[in-house]
2 protein chains.
Amino acid sequence: MRGEVLPRLERLGLYLYAADHGVTAEGISLYPKEVTRQMVANFEAGGAAVNVLARAHDVVVNVVDAGVGEGTKNFAREAAMSEAECAAQIEAGREDARQAIRKFDMVGVGEMGIGNTTSAAALLAALCGRSGAEVAGRGTGLDASGVKHKADVIDAALELHQLQGKSAFEVLRSVGGFEIARMSGMLMEAGKLRLPVMLDGFITGSAALVAMKMEPQAREVMFFSHRSAERGHGAMLEELDGDPILELGMRLGEGSGAVLGMHMVRCAMKMYSEMASFEDAQVSRSE
Amino acid sequence: MRGEVLPRLERLGLYLYAADHGVTAEGISLYPKEVTRQMVANFEAGGAAVNVLARAHDVVVNVVDAGVGEGTKNFAREAAMSEAECAAQIEAGREDARQAIRKFDMVGVGEMGIGNTTSAAALLAALCGRSGAEVAGRGTGLDASGVKHKADVIDAALELHQLQGKSAFEVLRSVGGFEIARMSGMLMEAGKLRLPVMLDGFITGSAALVAMKMEPQAREVMFFSHRSAERGHGAMLEELDGDPILELGMRLGEGSGAVLGMHMVRCAMKMYSEMASFEDAQVSRSE
């Protein structure tokens, strides 16, 4: 990926993208939209789970406000973004990657946004021809009837936007989110720059799907940190042909899985650079 | 386990038990017995995989020579240990636990010993009524015919020693290893002292089975770091009712999985002690 035999893998950064989602008006989350802003403040104060993990693993957290507060339009009624809004997010994400490669050897991507599992599930459904029931999961704690309602909202939105055969960009602007669009731009540029990226879970995976469909080389720099407990993540990993490092049944988001995943790759890299060879250690070969 | 609300989990130690096995005379390993001593020297010099991982995670490595060099008798022909030898190993392991609780908040257990997957597999078969074919795996790189031979050696040994209905101690001394006996003593005493122990893979699991059968409270302090690629480890974890933290397809031994497992538990503990509560962070509750 980097064209180096023993690539340096010490400077790790997490880009934590946050935005709000108009589709929360459909009652698809247990939490009010304000929680996005509150959690961003918590990330900045260092009090969230991902901050604890980042400190424990020497990962620098960069919180990116991609549209907290106003957020996207409600995609159950109209396109989430205008073409110009969506293109601007992608370009901002590309710039994130250009900045990142100057500071970090590998970056993780995480997110926070009340309502964004619904957007991610709609992207998976639209891009890969799956139904709402196949892609809708519990998100931040929905019960079975909440999941059913979420699936219905997704199916109705797919019907409304008529996305069959449309471009990934058009799908993204119709049912995506600001943070998802910006992450997809980041991933596309990382592919160009050969910057290794560790993806977190289901929502970052939807950005990865968009990026891969728009610029296939983006896939070449992706690592998959974990298989989350969110229904649909397994299907998403299949579509991405991604083999996750960890299976911990986590469903938190925030980039928590990405931090652990980067740490595991760093450990693997340390083994290459620090271990004695059998020759050095004078260990006999197999008989 | 410790009777504390926020137990301290900072001082981590790995006990790395090594010993030789007479059953290597049956050609059940690709590597000569001398490799055990060579790898012990490598552990002490800090050049092995487990040393790299231990340094990366602030884990103190304690290498324990439980019988490198002479080793046990060949259990394909006679009992691996005398009663006195086996009892002395168990007592030495108990003393390890008494020392460990003064220095560490949690300990990992790992091992090294050419031939010891055969001993561990024989213990699993004898203690849980399974056949050689169910428990014999590739160890350090056997091919299919090597695994078949290993299974045959185990089946023949079970026939020779007639272990049905015998005590776990008798099974241990018949087909176990010095390091396995010492680990089982360590685990039994850890159970008494309420010292949390992170087990590594298949061989440490066989010591855990022995310990649990001799003193059931030993099970209460056990954590299971990973499900290894060694055939039989899945069955062993079932017998132990153990839910492994990681599934990385590793098959190295040395306590490499135990180091990663301890790190994961330490991360989880840090979340309890360092995270802001929703109240502290002024995050709205679910609606």
# chains A, B, ... in the order shown; residues from 1 in each chain; ligands from 1

$ interface_residues --of "chain B" --to "chain A" --cutoff "10 Å" --atoms "only C-alpha atoms" --output "PyMOL selection string"
chain B and resi 27+29-39+41-43+45-53+56-57+140-141+244-249+260+263-264+266-268+270-278+280-287

$ select_by_dssp --residues "range 83-247 of chain A" --states "alpha helix (DSSP H)" --output "ChimeraX atom specification"
/A:83-103,116-128,132-135,144-161,168-175,178-193,202-214,233-240

$ select_by_dssp --residues "range 186-269 of chain A" --states "strand (DSSP E or B)" --output "ChimeraX atom specification"
/A:197-199,222-224,226,246

$ residues_around --residues "Gly242 in chain A" --least-positions-apart "5" --cutoff "10 Å" --atoms "only C-alpha atoms" --output "ChimeraX atom specification"
/A:205,219,222-227,234,236-237

$ write_last_selection --atoms "C-alpha atoms" --output "PDB file, in the first residue's frame"
ATOM      1  CA  GLY A 205     -18.982   1.267   5.818  1.00  0.00           C
ATOM      2  CA  ARG A 219     -11.030   0.111  -1.725  1.00  0.00           C
ATOM      3  CA  MET A 222      -9.291   0.235   3.411  1.00  0.00           C
ATOM      4  CA  PHE A 223      -8.935  -1.866   6.544  1.00  0.00           C
ATOM      5  CA  PHE A 224     -12.025  -3.117   8.368  1.00  0.00           C
ATOM      6  CA  SER A 225     -11.729  -2.923  12.128  1.00  0.00           C
ATOM      7  CA  HIS A 226     -14.665  -4.988  13.322  1.00  0.00           C
ATOM      8  CA  ARG A 227     -17.962  -6.647  12.552  1.00  0.00           C
ATOM      9  CA  GLY A 234     -22.421  -8.387   7.751  1.00  0.00           C
ATOM     10  CA  MET A 236     -22.197  -4.498   4.047  1.00  0.00           C
ATOM     11  CA  LEU A 237     -18.852  -6.196   4.700  1.00  0.00           C
TER      12      LEU A 237
END

$ residues_around --residues "Val221 in chain B" --least-positions-apart "5" --cutoff "6 Å" --atoms "only C-alpha atoms" --output "ChimeraX atom specification"
/B:191,196-197

$ closest_residue --among "B:Ala229, B:Val265, B:Ala157, B:Phe178" --to "Gly113 in chain B" --atoms "only C-alpha atoms"
B:Phe178

$ closest_residue --among "B:Val171, B:Cys86, B:Ala122, B:Ala218" --to "Leu195 in chain B" --atoms "only C-alpha atoms"
B:Ala218

$ residues_around --residues "range 96-108 of chain A" --least-positions-apart "2" --cutoff "10 Å" --atoms "only C-alpha atoms" --output "VMD selection string"
chain A and resid 2 7 to 16 59 to 62 64 90 to 94 110 182 to 183 185 to 200 204 221 to 225 255 to 262 265 to 266

$ atom_distance --atom1 "CA of Val63 in chain A" --atom2 "CA of Pro216 in chain A"
26.7 Å

$ atom_distance --atom1 "CA of Ala80 in chain B" --atom2 "CA of Ser174 in chain B"
5.1 Å

$ atom_distance --atom1 "CA of Asp241 in chain B" --atom2 "CA of Gly3 in chain B"
22.6 Å

$ closest_residue --among "A:Ser184, A:Thr118, A:Gln89, A:Asn74" --to "Val23 in chain A" --atoms "only C-alpha atoms"
A:Asn74

$ residues_around --residues "Lys148 in chain B" --least-positions-apart "3" --cutoff "10 Å" --atoms "only C-alpha atoms" --output "VMD selection string"
chain B and resid 28 132 to 133 136 to 138 142 to 145 151 to 154

$ closest_residue --among "B:Lys166, B:Arg231, B:Arg251, B:His21" --to "Phe75 in chain B" --atoms "only C-alpha atoms"
B:His21
